[in-house]
Amino acid sequence: MGGDDMEDDVVINGGPAAATTPTEISPAPATGLGSAEAAARLRADGPNTVAAPRKRGLAGRVFRQLTDPLVALLLAAAVVTTLLRDYPDTAVIVLVVLINTAIGVVQEVRADRAVAALDRLAAPTARVVRDGRDLVLPAADLVRGDLVRLEAGDVVPADLDLTDAVRLSLDESALTGESVPVARVAGEEASAGTVVTTGRATGTVVRTGAASALGRISALVAATRPAPTPLQRRLSSLGRVLGLTAVVLSGLVFAIGVLDGRPVTQMAVTAVSLVVAAVPESLPAVVTLALALGARRMAGSRAIPRRLHAVETLGSVTVIASDKTGTLTEGRMAVQYAVVPGRDRYAVTGTGYAPDGEVHHRGEPVSAPEELRALARAGLLCNDATVTPPTDERPEWTAIGDPLEAALVTFGARCGLDPDTTREAWPRVAEAPFDQDLRRMTTVHRRCDGRYLVVCKGAPENLLAAPLVDADAGELAELTGAAHRLATEGLRVLAVASAVVDTLPDPARPAGLRPLGLVAVGDPLRAAAPGIAAGFEEAGIRLVLITGDHPATAAAIGGRLGLWRDGDPLANGDDGDPGRAHPETRVYARTQPEQKLDIIAGLQTQGHVVAMTGDGVNDAPALRRADIGVAMGGGTEVARQASDLVLVDDDLTTVATAIGEGRRIYDNIRRFLRYALAGGVAEIAVMLLGPLFGLPVPLLPAQILWINLLTHGVPGVALGAEPAEPGTLRRPPRSPQESVLGGGLGRDVLLTGGLIAAATLGAGVWAAAADRPWQSVVFVVLGLAQLGVALAVRATRTPGSRERNLALPVAVAVSAVLQVAGVLLPPLRELLGTSPLGALDLLACAAIGVLPGLVLRLTRRFRGSNASRTGTDDPNAGTDDPNAGTAGPAGSAAGRAG
């Protein structure tokens, strides 16, 4: 029944209108090509494969890591320190760069290997006639002119001109996005990548490889280059700003020192040291660690990031554009409603082709009445499909034959019928296969009393008419109206009629049948889809449905997802450019692959960060164009190659998990920036303001680099592993246009840096007045104050969560011991130019050093108490969450859409 369509089908790259080959191919002889001729054509045209993207070599991977703006600035600083013969500082800088590069390259290689393992799950072959013999060859060895045989379940290996077709229907969802199989007859084309659902056929190969339907879409993918991720754009901008600021301020310090009579070489080293201090050189390592940990967590959730930065990008997403078939829906046909004359409709529940399910009437589960069982029995008998139970290789019930007919088999089981027993009790003795013109199928079955049961199923407008059926006008009008209502809900409606006769009839000319009712078949939503859509809405993310379906079908699916209501805008690809649709459009129907690109581009023009989910070949160009492409692991190879993230279990819930992971990563990056940049601000402020308070050279270059190494090193990297804040998925996404220092973070950096600088300068002035080694006091207090801030800005734990970042307090403790050792151990004192401090001095330094962190912590607690008193719903109120209280335009737009 693959061809009795209720609506026009969208077909691309197939049928008589498909593009012709550069060279005409004559019909293949019954004996097929000769081996010599096939080999010659293979040499001339190349293998029948879709060109895979060229793998990036080791040098290319390393180069991409080194072109990060912050890393480039560090390399420049390393060059300067080398020219000044400050080799220890050069070694420290180069070590940070090497570690960052190694981590990034290793993660990229691991991701590519994981996706390659997915690609190996499918090894396509084709049944070909060569030299008069049937052979099974790798699909890559097909050439133009080959004669290919197809049977149910086969994947069409190349574009074929069908020379023979018997009840052939193809699942073209990978190309068109429509889940309803399409009938094909001799003289038409079968496109590469489609799947034979029923019947058999032979065809001559007319296009292979890049020239096939599959290859043309792959070429469209290759021509669409992914743009930098929002995080990459933000960090690149930040790197430029920090680099310029650090150079200007360090030059100022250099000028002040030289004018004060300090040696030029010493001030040059000091200026370079301040550049390194001002630039958070650990940022690339923090980002890489945070992304690697996120990728590891996501891999545990059956998601494989193909690009490391894709993990964070999901956290910045403001729009998720999703295809329908196999993503929001099960990708399997099922009877969802049934109507019998004189009664309300019945709803049928269940998942996939499993027989488990219930019949509901007016919202209550009921046992199927006899009228409904008669309808189900007729659909089961006038049927060529079967369903098979799970096996070790296939963990789910599987359809063999037309998916629509398999849905009728499952419907019978859910109404209490045993398919095998029923078919044995009513053996088929005659049939008229489905006729595309009449849009119906008829079968005849012998009853136990020797009489015959005639069953006919087909399109309601063709079946519910005299003389085929014998019923009064009111009954036919009732069923016709019900069929129209079900069709407007996006369902595929079949009418079923039967009659009992005494003599064996001609199945090609049935007449006098009684209508048994209607069955409405559709591709059901995944059970979790409405909840996932609601979860995205709560997170301030707009879910957009993009499908090749008829507008009525698309609207019905959108309505069940909660995305669309009567009166809402709905874009129709047949009416023009959907990329220019209304900004609040949630449902796009009748879309072609190239139109999906326009839709994604249109959303990006509106300022959105767009994630595209899909599994078909038709989704691949849009997956590549989107800010992040999310492919289903069970989808096509082309879609996986075009994506940034592969969901191995095809579960869209993983996308919501990944969004939370991405937001956690971005929060931790901003948390580190608050900590690290505040330390840099404090160090520059101390160097600039120290002379004004009677501290001529507050810190020596070696002391600056030592503090920088201890504070920006392991403690800074440990901040990248902080757990998620409470309510991470209940806040709107950050505006894509907002700087990484936006949302008040720049202000917080200056305030925190000011607190550290005030405590440090205060300690230095006190020490100088008390005739203590004030430079060593400044050195110790500045380092301890920064480490205290690291503990103050850590994430708030979610109540009941067992996730803890024990690495941070351990790293802070170790760094604090090493900082104090800088004035206690003679070798370090000689290296750093410090003086010994007594126990009372160290206690005083520790007491002053904890003040900035203590102030931040108390302020944070006060904000939390104030939020509780005012009853705010903001889950981040009173925390140091870098996104707290920030609702960019994207979040506002998502809220309006909801």
# chains A, B, ... in the order shown; residues from 1 in each chain; ligands from 1

call {"tool": "residues_around", "arguments": {"residues": "Arg207 in chain A", "least_positions_apart": "4", "cutoff": "7 Å", "atoms": "only C-alpha atoms", "output": "VMD selection string"}}
result
chain A and resid 21 144 158 to 159 211 to 212

call {"tool": "closest_residue", "arguments": {"among": "A:Ala718, A:Leu314, A:Ile848, A:Ala139", "to": "Val812 in chain A", "atoms": "only C-alpha atoms"}}
result
A:Ala718

call {"tool": "closest_residue", "arguments": {"among": "A:Leu147, A:Ala534, A:Ala571, A:Leu162", "to": "Leu135 in chain A", "atoms": "only C-alpha atoms"}}
result
A:Leu147

call {"tool": "closest_residue", "arguments": {"among": "A:Val587, A:Val777, A:Ala529, A:Leu372", "to": "Asp549 in chain A", "atoms": "only C-alpha atoms"}}
result
A:Val587
